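Engineer: Provided herewith: model_5.cif, mmCIF, C-alpha atoms.
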data_coords
#
loop_
_atom_site.label_atom_id
_atom_site.label_comp_id
_atom_site.auth_asym_id
_atom_site.auth_seq_id
_atom_site.Cartn_x
_atom_site.Cartn_y
_atom_site.Cartn_z
CA MET A 1 -3.86 10.22 -85.23
CA ALA A 2 -1.43 10.27 -82.31
CA ILE A 3 -2.30 9.06 -78.88
CA SER A 4 -2.41 11.84 -76.31
CA PHE A 5 -0.95 10.30 -73.18
CA ASP A 6 -2.15 13.23 -71.11
CA LYS A 7 -5.74 12.56 -72.11
CA ALA A 8 -5.46 8.80 -71.91
CA LEU A 9 -3.92 8.67 -68.48
CA GLY A 10 -6.14 11.28 -66.86
CA ILE A 11 -5.57 12.19 -63.24
CA HIS A 12 -3.65 9.08 -62.24
CA GLN A 13 -0.23 10.26 -63.34
CA HIS A 14 -0.68 13.41 -61.25
CA ALA A 15 -1.86 11.35 -58.30
CA LEU A 16 1.26 9.20 -58.53
CA GLU A 17 3.43 12.32 -58.69
CA ALA A 18 1.70 13.78 -55.65
CA ARG A 19 2.23 10.53 -53.76
CA VAL A 20 5.95 10.64 -54.51
CA LYS A 21 6.10 14.24 -53.37
CA ARG A 22 4.34 13.38 -50.14
CA ALA A 23 6.64 10.40 -49.55
CA GLU A 24 9.60 12.75 -49.86
CA VAL A 25 8.21 15.19 -47.30
CA LEU A 26 7.37 12.40 -44.86
CA ALA A 27 10.81 10.82 -45.31
CA ASN A 28 12.35 14.18 -44.49
CA ASN A 29 10.25 14.42 -41.34
CA MET A 30 11.54 11.07 -40.18
CA ALA A 31 15.15 11.82 -41.09
CA ASN A 32 14.86 14.86 -38.83
CA ALA A 33 13.15 12.99 -35.99
CA ASP A 34 16.02 13.93 -33.67
CA THR A 35 16.78 17.43 -34.94
CA PRO A 36 16.02 20.03 -32.27
CA GLY A 37 13.52 22.65 -33.37
CA PHE A 38 12.52 20.84 -36.55
CA LYS A 39 8.85 21.28 -37.46
CA ALA A 40 7.11 18.32 -39.09
CA ARG A 41 5.45 19.10 -42.43
CA ASP A 42 3.00 17.57 -44.81
CA VAL A 43 1.44 18.38 -48.15
CA ASP A 44 -2.18 19.29 -48.74
CA PHE A 45 -2.99 16.38 -51.00
CA GLN A 46 -6.49 17.58 -51.82
CA ALA A 47 -5.22 20.95 -52.99
CA MET A 48 -2.57 19.25 -55.11
CA MET A 49 -5.17 17.05 -56.75
CA GLN A 50 -7.45 20.02 -57.35
CA ARG A 51 -4.66 21.84 -59.12
CA ALA A 52 -3.88 18.75 -61.18
CA GLN A 53 -7.55 18.52 -62.11
CA GLN A 54 -7.44 22.10 -63.29
CA SER A 55 -4.43 21.44 -65.46
CA VAL A 56 -6.13 18.38 -66.91
CA SER A 57 -9.28 20.32 -67.70
CA GLY A 58 -7.27 23.06 -69.40
CA PHE A 59 -7.33 25.96 -66.97
CA GLU A 60 -3.65 26.43 -66.38
CA MET A 61 -1.59 29.58 -66.23
CA SER A 62 1.02 29.87 -68.92
CA LYS A 63 4.23 31.86 -68.94
CA THR A 64 4.47 34.33 -71.79
CA ASP A 65 7.47 36.21 -70.50
CA ASP A 66 10.69 35.12 -68.79
CA ALA A 67 10.05 37.57 -65.96
CA HIS A 68 6.83 35.84 -65.02
CA MET A 69 6.89 33.87 -61.85
CA ASP A 70 6.61 30.13 -62.11
CA THR A 71 3.15 29.29 -60.82
CA SER A 72 3.21 25.55 -61.40
CA SER A 73 6.19 24.46 -59.33
CA GLY A 74 6.00 27.37 -56.91
CA ALA A 75 2.44 26.51 -56.03
CA ALA A 76 3.51 22.98 -55.22
CA GLU A 77 5.85 24.35 -52.59
CA SER A 78 3.19 26.50 -50.98
CA GLU A 79 1.08 23.40 -50.34
CA LEU A 80 3.62 22.42 -47.70
CA LEU A 81 1.97 22.93 -44.34
CA TYR A 82 3.12 22.49 -40.79
CA ARG A 83 1.71 19.76 -38.63
CA VAL A 84 -0.05 20.53 -35.37
CA PRO A 85 1.72 18.46 -32.70
CA ASN A 86 -0.42 16.55 -30.22
CA GLN A 87 2.45 16.30 -27.81
CA PRO A 88 4.92 19.19 -27.94
CA SER A 89 8.47 18.28 -26.98
CA VAL A 90 10.94 20.37 -25.01
CA ASP A 91 13.41 20.86 -27.87
CA GLY A 92 10.75 22.21 -30.23
CA ASN A 93 10.74 19.16 -32.51
CA THR A 94 7.21 18.27 -33.65
CA VAL A 95 7.96 14.94 -35.36
CA ASP A 96 5.98 12.01 -34.01
CA ALA A 97 7.97 9.09 -35.44
CA GLN A 98 5.19 6.52 -35.12
CA GLN A 99 2.59 8.72 -36.74
CA GLU A 100 4.94 9.69 -39.54
CA GLN A 101 5.77 6.07 -40.18
CA THR A 102 2.08 5.19 -40.32
CA ARG A 103 1.45 7.99 -42.79
CA PHE A 104 4.41 6.95 -44.89
CA MET A 105 3.13 3.37 -45.02
CA ARG A 106 -0.36 4.50 -45.92
CA ASN A 107 1.04 6.80 -48.58
CA ALA A 108 3.01 3.90 -50.07
CA MET A 109 -0.18 1.83 -50.23
CA ASP A 110 -2.05 4.67 -51.92
CA TYR A 111 0.85 4.98 -54.31
CA GLN A 112 0.43 1.32 -55.17
CA ALA A 113 -3.27 1.89 -55.84
CA SER A 114 -2.55 4.85 -58.12
CA PHE A 115 0.09 2.81 -59.87
CA GLN A 116 -2.39 0.00 -60.44
CA PHE A 117 -4.79 2.43 -62.12
CA LEU A 118 -2.05 3.89 -64.26
CA ASN A 119 -0.84 0.45 -65.26
CA SER A 120 -4.37 -0.58 -66.23
CA LYS A 121 -4.58 2.47 -68.47
CA PHE A 122 -1.43 1.36 -70.22
CA SER A 123 -2.52 -2.23 -70.63
CA GLY A 124 -5.83 -0.91 -71.96
CA LEU A 125 -3.98 1.15 -74.55
CA THR A 126 -1.82 -1.83 -75.51
CA LYS A 127 -4.87 -4.01 -75.94
CA ALA A 128 -6.52 -1.37 -78.10
CA LEU A 129 -3.41 -1.11 -80.28
CA LYS A 130 -3.16 -4.85 -80.72
CA GLY A 131 -6.87 -5.12 -81.43
CA GLU A 132 -7.43 -7.81 -78.85
CA MET B 1 11.21 15.99 -56.67
CA SER B 2 11.65 12.30 -57.24
CA LEU B 3 11.82 8.99 -55.49
CA GLY B 4 15.58 9.17 -55.82
CA SER B 5 15.79 12.04 -53.36
CA ILE B 6 14.15 9.86 -50.71
CA PHE B 7 17.30 7.72 -50.80
CA ASP B 8 19.41 10.80 -50.14
CA ILE B 9 17.11 11.92 -47.32
CA ALA B 10 16.97 8.52 -45.60
CA GLY B 11 20.69 8.09 -46.23
CA SER B 12 21.47 11.39 -44.51
CA GLY B 13 19.34 10.25 -41.59
CA MET B 14 21.26 6.99 -41.38
CA THR B 15 24.62 8.78 -41.51
CA ALA B 16 23.57 11.17 -38.76
CA GLN B 17 22.22 8.40 -36.55
CA SER B 18 25.29 6.22 -36.97
CA LEU B 19 27.48 9.17 -36.00
CA ARG B 20 25.32 9.63 -32.94
CA LEU B 21 25.77 5.94 -32.14
CA ASN B 22 29.51 6.39 -32.63
CA THR B 23 29.75 9.23 -30.12
CA THR B 24 27.61 7.25 -27.69
CA ALA B 25 29.96 4.27 -28.01
CA SER B 26 32.94 6.54 -27.44
CA ASN B 27 31.28 8.09 -24.37
CA ILE B 28 30.40 4.76 -22.78
CA ALA B 29 33.81 3.29 -23.57
CA ASN B 30 35.47 6.23 -21.85
CA ALA B 31 33.03 6.47 -18.95
CA GLU B 32 35.65 5.27 -16.49
CA THR B 33 38.70 6.93 -18.00
CA ALA B 34 40.27 8.73 -15.07
CA SER B 35 42.51 11.72 -15.55
CA SER B 36 44.69 13.82 -13.28
CA SER B 37 43.50 17.25 -14.43
CA THR B 38 40.32 18.88 -15.69
CA GLU B 39 42.00 19.82 -18.99
CA THR B 40 42.96 16.30 -19.99
CA ALA B 41 39.81 14.59 -18.75
CA TYR B 42 37.49 13.09 -21.31
CA ARG B 43 34.23 14.97 -21.78
CA ALA B 44 31.01 13.49 -23.16
CA ARG B 45 30.59 14.24 -26.86
CA LYS B 46 27.25 15.07 -28.44
CA PRO B 47 26.46 15.55 -32.13
CA VAL B 48 24.42 18.60 -33.16
CA PHE B 49 21.79 17.86 -35.79
CA ALA B 50 20.37 20.39 -38.23
CA ALA B 51 17.84 20.07 -41.04
CA ILE B 52 19.08 20.54 -44.61
CA GLN B 53 16.97 22.89 -46.66
CA GLN B 54 16.55 22.03 -50.31
CA SER B 55 17.41 25.58 -51.35
CA MET B 56 20.92 24.95 -50.03
CA LEU B 57 21.37 22.04 -52.39
CA ASN B 58 20.52 23.92 -55.58
CA PRO B 59 21.66 27.51 -55.15
CA ASP B 60 20.56 28.42 -58.69
CA ASN B 61 16.97 28.56 -57.51
CA GLN B 62 17.72 30.86 -54.64
CA GLY B 63 15.99 34.19 -54.76
CA LEU B 64 13.81 33.23 -57.70
CA SER B 65 11.30 31.27 -55.72
CA LEU B 66 9.49 33.08 -52.96
CA GLN B 67 9.32 29.92 -50.92
CA SER B 68 13.00 29.07 -51.26
CA GLU B 69 13.51 29.24 -47.53
CA GLN B 70 10.58 27.10 -46.58
CA GLY B 71 10.78 24.56 -49.38
CA PRO B 72 10.75 20.86 -48.70
CA GLY B 73 13.71 19.73 -46.68
CA ALA B 74 16.39 17.43 -47.94
CA GLY B 75 17.37 15.42 -44.90
CA VAL B 76 19.52 16.00 -41.89
CA ARG B 77 23.16 16.85 -41.38
CA VAL B 78 25.52 16.87 -38.43
CA GLN B 79 26.65 20.42 -37.81
CA GLY B 80 29.38 19.31 -35.50
CA VAL B 81 30.24 17.40 -32.37
CA VAL B 82 30.32 19.40 -29.15
CA GLU B 83 31.75 18.44 -25.79
CA SER B 84 29.36 18.45 -22.89
CA ALA B 85 29.76 21.39 -20.52
CA ALA B 86 28.55 19.39 -17.53
CA GLU B 87 30.82 19.26 -14.53
CA LEU B 88 33.45 16.51 -14.28
CA GLN B 89 33.28 14.05 -11.44
CA MET B 90 36.08 14.56 -8.96
CA ARG B 91 36.84 11.59 -6.75
CA TYR B 92 39.35 11.26 -3.95
CA GLU B 93 41.46 8.25 -4.88
CA PRO B 94 45.02 8.79 -3.58
CA ASP B 95 46.08 5.29 -4.62
CA HIS B 96 45.15 5.88 -8.24
CA PRO B 97 48.23 6.19 -10.48
CA ALA B 98 46.72 9.29 -12.13
CA ALA B 99 45.90 11.07 -8.86
CA ASN B 100 47.14 14.65 -8.53
CA GLU B 101 49.01 16.02 -5.52
CA ASP B 102 45.74 16.39 -3.58
CA GLY B 103 44.92 12.76 -4.21
CA ASN B 104 42.03 13.57 -6.58
CA VAL B 105 41.25 12.08 -9.99
CA PHE B 106 38.77 13.39 -12.53
CA TYR B 107 36.24 11.12 -14.15
CA PRO B 108 34.39 12.07 -17.37
CA ASN B 109 31.01 13.76 -17.22
CA VAL B 110 29.41 10.80 -18.99
CA ASN B 111 25.99 9.78 -17.76
CA VAL B 112 25.80 6.12 -18.70
CA VAL B 113 22.01 5.90 -18.29
CA GLU B 114 21.57 8.88 -20.60
CA GLU B 115 23.95 7.32 -23.10
CA MET B 116 22.06 4.04 -23.10
CA ALA B 117 18.81 5.88 -23.79
CA ASP B 118 20.57 7.77 -26.59
CA MET B 119 21.84 4.51 -28.02
CA MET B 120 18.37 3.00 -28.16
CA SER B 121 16.91 6.15 -29.66
CA SER B 122 19.54 6.32 -32.39
CA SER B 123 19.26 2.65 -33.29
CA ARG B 124 15.48 3.00 -33.55
CA SER B 125 15.79 6.07 -35.75
CA PHE B 126 18.34 4.29 -37.92
CA GLN B 127 15.95 1.37 -38.30
CA MET B 128 13.18 3.75 -39.30
CA ASN B 129 15.32 5.26 -42.03
CA VAL B 130 16.18 1.79 -43.33
CA ASP B 131 12.45 1.01 -43.52
CA ILE B 132 11.87 4.20 -45.49
CA MET B 133 14.62 3.27 -47.91
CA ASN B 134 13.14 -0.20 -48.38
CA THR B 135 9.70 1.23 -49.08
CA ALA B 136 11.11 3.79 -51.51
CA LYS B 137 13.00 0.99 -53.23
CA SER B 138 9.88 -1.08 -53.76
CA MET B 139 8.01 2.01 -54.98
CA MET B 140 10.76 2.67 -57.49
CA GLN B 141 10.89 -0.94 -58.62
CA ARG B 142 7.17 -0.83 -59.17
CA ILE B 143 7.37 2.25 -61.39
CA LEU B 144 9.93 0.41 -63.52
CA THR B 145 7.37 -2.28 -64.26
CA LEU B 146 4.93 0.29 -65.66
CA GLY B 147 3.37 -0.92 -68.87
CA GLN B 148 4.66 -4.47 -68.54
CA GLN B 149 2.21 -7.25 -69.07
#
Please render this file's structure as structure tokens.
Structural biologist:
Amino acid sequence: MAISFDKALGIHQHALEARVKRAEVLANNMANADTPGFKARDVDFQAMMQRAQQSVSGFEMSKTDDAHMDTSSGAAESELLYRVPNQPSVDGNTVDAQQEQTRFMRNAMDYQASFQFLNSKFSGLTKALKGE
Amino acid sequence: MSLGSIFDIAGSGMTAQSLRLNTTASNIANAETASSSTETAYRARKPVFAAIQQSMLNPDNQGLSLQSEQGPGAGVRVQGVVESAAELQMRYEPDHPAANEDGNVFYPNVNVVEEMADMMSSSRSFQMNVDIMNTAKSMMQRILTLGQQ
């Protein structure tokens, strides 16, 4: 009987992945803090988690032909939304550096939490294997 | 999509900001460089920033994905450095060695106050990108400890 990591780890691996994705988007916002006309973006975390939940519970689209469009990764892109600026700037840039930094920090903390859960799953599995 | 790309993104931000700091330093250093004609006078230099789209980095995906144009970005790049079109300062200084036959010299169109503000802005943005890199580093280090007791 093999261990199914997908079943053992549950939603946490997807949460961690979503956190990394969000960190990337927020880092890009801050890298472009001085780019004229750049629009700040963010991911819809809830929608990402919902989709992950669906894939965990077994309702996922599968590709049966090469001509089919990729729904899994393509859908991840469509979750990218534009931020509504509270203080529009003259050059059209909607990045608020302080807010983005706060979100990035918070996201890193949430990442740590997700990691803790994932790590506990692994140490649980190890304990079960050792029979402790 | 990975933590590794955050390093590239923050790194591109740091490169762009340090280039901006470079042009600012050059502008301030040359703020008082007098010249005898408008052609040879120093003009303030400004970098032009543009966002990098991820679809540009991996062209294989182009056209396949519907969202290729609005995918997540991949940092910032400097499109080029342009010279300011603002008017040069003409001063009447007949004793200046570089004065022309009318006794005028041309000073660069550098606004030192503006440059100082630019300098602070770029150093802050640079700092922010360093912070991002540090955070991404600790996130990555943490994932490497996964499963360790």
Engineer: Between CA of Asn129 in chain B and CA of Met14 in chain B, what is the spacing in Å?
Structural biologist: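 Interatomic distance here is 6.2 Å.
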Engineer: Got a sec: who's within 7 Å of range 29-36 of chain A, counting only C-alpha atoms, leaving out chain neighbours fewer than 2 positions off, as a list in words?
Structural biologist: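 Once the nearby chain positions are removed, what remains is Val25, Leu26, Ala27, Phe38, Ala40, Arg41, Asp91, Gly92, Asn93, Val95, Ala97 and Glu100 of chain A; Ile9, Ala10, Gly13, Phe49, Ala50, Ala51, Gly75, Val76 and Asn129 of chain B.
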Engineer: Since I can't run it myself right now, could you work out what the PyMOL selection byres ((chain B) within 10 of (chain A)) selects here and report it as a short mmCIF file (atom, residue, chain, number, x, y, z; two decimals) with C-alpha atoms, keeping the file's coordinate frame?
Structural biologist:
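Contents of the output file part-v9.cif:
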data_model
loop_
_atom_site.label_atom_id
_atom_site.label_comp_id
_atom_site.auth_asym_id
_atom_site.auth_seq_id
_atom_site.Cartn_x
_atom_site.Cartn_y
_atom_site.Cartn_z
CA MET B 1 11.21 15.99 -56.67
CA SER B 2 11.65 12.30 -57.24
CA LEU B 3 11.82 8.99 -55.49
CA GLY B 4 15.58 9.17 -55.82
CA SER B 5 15.79 12.04 -53.36
CA ILE B 6 14.15 9.86 -50.71
CA PHE B 7 17.30 7.72 -50.80
CA ASP B 8 19.41 10.80 -50.14
CA ILE B 9 17.11 11.92 -47.32
CA ALA B 10 16.97 8.52 -45.60
CA GLY B 11 20.69 8.09 -46.23
CA SER B 12 21.47 11.39 -44.51
CA GLY B 13 19.34 10.25 -41.59
CA MET B 14 21.26 6.99 -41.38
CA THR B 15 24.62 8.78 -41.51
CA ALA B 16 23.57 11.17 -38.76
CA GLN B 17 22.22 8.40 -36.55
CA VAL B 48 24.42 18.60 -33.16
CA PHE B 49 21.79 17.86 -35.79
CA ALA B 50 20.37 20.39 -38.23
CA ALA B 51 17.84 20.07 -41.04
CA ILE B 52 19.08 20.54 -44.61
CA LEU B 64 13.81 33.23 -57.70
CA SER B 65 11.30 31.27 -55.72
CA LEU B 66 9.49 33.08 -52.96
CA GLN B 67 9.32 29.92 -50.92
CA SER B 68 13.00 29.07 -51.26
CA GLN B 70 10.58 27.10 -46.58
CA GLY B 71 10.78 24.56 -49.38
CA PRO B 72 10.75 20.86 -48.70
CA GLY B 73 13.71 19.73 -46.68
CA ALA B 74 16.39 17.43 -47.94
CA GLY B 75 17.37 15.42 -44.90
CA VAL B 76 19.52 16.00 -41.89
CA ARG B 77 23.16 16.85 -41.38
CA VAL B 78 25.52 16.87 -38.43
CA SER B 121 16.91 6.15 -29.66
CA SER B 122 19.54 6.32 -32.39
CA ARG B 124 15.48 3.00 -33.55
CA SER B 125 15.79 6.07 -35.75
CA PHE B 126 18.34 4.29 -37.92
CA MET B 128 13.18 3.75 -39.30
CA ASN B 129 15.32 5.26 -42.03
CA ASP B 131 12.45 1.01 -43.52
CA ILE B 132 11.87 4.20 -45.49
CA MET B 133 14.62 3.27 -47.91
CA THR B 135 9.70 1.23 -49.08
CA ALA B 136 11.11 3.79 -51.51
CA SER B 138 9.88 -1.08 -53.76
CA MET B 139 8.01 2.01 -54.98
CA MET B 140 10.76 2.67 -57.49
CA ARG B 142 7.17 -0.83 -59.17
CA ILE B 143 7.37 2.25 -61.39
CA THR B 145 7.37 -2.28 -64.26
CA LEU B 146 4.93 0.29 -65.66
CA GLY B 147 3.37 -0.92 -68.87
CA GLN B 148 4.66 -4.47 -68.54
CA GLN B 149 2.21 -7.25 -69.07
#
Engineer: Suppose you want the space between CA of Phe106 in chain B and CA of Ser35 in chain B; what is it in Å?
Structural biologist: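 Taking CA of Phe106 in chain B and CA of Ser35 in chain B, their separation equals 5.1 Å.
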Engineer: Once 4 Å is added on each side, what centre and edge lengths in Å to one decimal does the axis-aligned box around all listed atoms of range 10-20 of chain A have, as AutoDock Vina command-line options?
Structural biologist:
--center_x -0.1 --center_y 11.4 --center_z -60.3 --size_x 20.1 --size_y 12.7 --size_z 21.1
Engineer: Give me, please, the distance in Å between CA of Glu83 in chain B and CA of Arg45 in chain B, quoted to one decimal.
Structural biologist: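 Computing the Euclidean distance for CA of Glu83 in chain B and CA of Arg45 in chain B yields 4.5 Å.
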Engineer: Hey, what's within 6 Å of range 84-88 of chain B if we count all atoms listed in the file and toss same-chain stuff fewer than 2 positions away? As a list in words, please?
Structural biologist: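 So the residues in contact are Ala44, Arg45, Pro108 and Asn109 of chain B.
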Engineer: Which is closer to Asn104 in chain B than all the others in B:Met120, B:Ala34, B:Val81, B:Leu19, using all atoms listed in the file?
Structural biologist: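 Smallest separation from Asn104 in chain B among the options: B:Ala34.
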Engineer: Select all residues near (-4.7, 14.1, -54.0) (cut-off 9 Å, inclusive, file coordinates), counting all atoms listed in the file, and output them as a list in words.
Structural biologist: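 Nearby residues: His14, Ala15, Leu16, Ala18, Arg19, Asp44, Phe45, Gln46, Ala47, Met48, Met49, Gln50 and Ala52 of chain A.
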Engineer: Name the residues that the PyMOL selection byres ((chain B and resi 91) around 9) pulls out of this structure, and write them as a ChimeraX atom specification.
Structural biologist: /B:89-90,92-93,103-107
Engineer: Output C-alpha atoms of each residue in that selection to a file, as a PDB file, in the frame of the given file.
Structural biologist:
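So result-v4.pdb came out as:
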ATOM      1  CA  GLN B  89      33.280  14.050 -11.440  1.00  0.00           C
ATOM      2  CA  MET B  90      36.080  14.560  -8.960  1.00  0.00           C
ATOM      3  CA  TYR B  92      39.350  11.260  -3.950  1.00  0.00           C
ATOM      4  CA  GLU B  93      41.460   8.250  -4.880  1.00  0.00           C
ATOM      5  CA  GLY B 103      44.920  12.760  -4.210  1.00  0.00           C
ATOM      6  CA  ASN B 104      42.030  13.570  -6.580  1.00  0.00           C
ATOM      7  CA  VAL B 105      41.250  12.080  -9.990  1.00  0.00           C
ATOM      8  CA  PHE B 106      38.770  13.390 -12.530  1.00  0.00           C
ATOM      9  CA  TYR B 107      36.240  11.120 -14.150  1.00  0.00           C
TER      10      TYR B 107
END
Engineer: Under the rule that only C-alpha atoms are counted, which of B:Gln127, B:Ala117, B:Thr33, B:Gln53 is the nearest residue to Ala98 in chain B?
Structural biologist: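 The closest residue to Ala98 in chain B is B:Thr33.
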Engineer: As a tab-separated table (two decimals), keeping the file's coordinate frame, please: range 90-99 of chain A completed to all heavy atoms.
Structural biologist:
chain	number	residue	atom	x	y	z
A	90	VAL	N	10.19	19.27	-25.61
A	90	VAL	CA	10.94	20.37	-25.01
A	90	VAL	C	11.85	21.05	-26.03
A	90	VAL	O	11.99	22.28	-26.04
A	90	VAL	CB	11.79	19.85	-23.83
A	90	VAL	CG1	12.46	21.00	-23.11
A	90	VAL	CG2	10.93	19.06	-22.86
A	91	ASP	N	12.46	20.27	-26.93
A	91	ASP	CA	13.41	20.86	-27.87
A	91	ASP	C	12.76	21.48	-29.10
A	91	ASP	O	13.44	21.90	-30.03
A	91	ASP	CB	14.47	19.82	-28.28
A	91	ASP	CG	13.86	18.63	-29.02
A	91	ASP	OD1	12.63	18.60	-29.16
A	91	ASP	OD2	14.62	17.75	-29.44
A	92	GLY	N	11.43	21.54	-29.13
A	92	GLY	CA	10.75	22.21	-30.23
A	92	GLY	C	10.53	21.34	-31.45
A	92	GLY	O	9.99	21.79	-32.46
A	93	ASN	N	10.94	20.08	-31.39
A	93	ASN	CA	10.74	19.16	-32.51
A	93	ASN	C	9.29	18.65	-32.49
A	93	ASN	O	8.80	18.26	-31.44
A	93	ASN	CB	11.73	18.00	-32.35
A	93	ASN	CG	11.73	17.07	-33.53
A	93	ASN	OD1	10.69	16.55	-33.92
A	93	ASN	ND2	12.88	16.87	-34.11
A	94	THR	N	8.62	18.69	-33.64
A	94	THR	CA	7.21	18.27	-33.65
A	94	THR	C	7.01	16.97	-34.43
A	94	THR	O	5.91	16.69	-34.87
A	94	THR	CB	6.31	19.36	-34.25
A	94	THR	OG1	6.71	19.57	-35.60
A	94	THR	CG2	6.41	20.65	-33.48
A	95	VAL	N	8.09	16.20	-34.62
A	95	VAL	CA	7.96	14.94	-35.36
A	95	VAL	C	7.51	13.83	-34.40
A	95	VAL	O	8.16	13.59	-33.40
A	95	VAL	CB	9.30	14.54	-36.02
A	95	VAL	CG1	9.14	13.24	-36.78
A	95	VAL	CG2	9.79	15.63	-36.94
A	96	ASP	N	6.40	13.20	-34.74
A	96	ASP	CA	5.98	12.01	-34.01
A	96	ASP	C	6.33	10.81	-34.89
A	96	ASP	O	5.64	10.53	-35.87
A	96	ASP	CB	4.47	12.08	-33.72
A	96	ASP	CG	4.01	10.91	-32.86
A	96	ASP	OD1	4.64	9.84	-32.94
A	96	ASP	OD2	3.01	11.07	-32.14
A	97	ALA	N	7.41	10.12	-34.55
A	97	ALA	CA	7.97	9.09	-35.44
A	97	ALA	C	6.93	8.04	-35.82
A	97	ALA	O	6.84	7.65	-36.98
A	97	ALA	CB	9.17	8.45	-34.78
A	98	GLN	N	6.15	7.58	-34.83
A	98	GLN	CA	5.19	6.52	-35.12
A	98	GLN	C	4.13	6.99	-36.11
A	98	GLN	O	3.78	6.29	-37.05
A	98	GLN	CB	4.52	6.05	-33.83
A	98	GLN	CG	5.34	5.08	-33.02
A	98	GLN	CD	6.52	5.77	-32.34
A	98	GLN	OE1	6.37	6.90	-31.87
A	98	GLN	NE2	7.65	5.13	-32.30
A	99	GLN	N	3.62	8.20	-35.84
A	99	GLN	CA	2.59	8.72	-36.74
A	99	GLN	C	3.14	8.93	-38.15
A	99	GLN	O	2.45	8.63	-39.13
A	99	GLN	CB	2.07	10.05	-36.18
A	99	GLN	CG	0.99	9.86	-35.15
A	99	GLN	CD	0.19	11.11	-34.98
A	99	GLN	OE1	0.22	12.00	-35.83
A	99	GLN	NE2	-0.54	11.20	-33.89
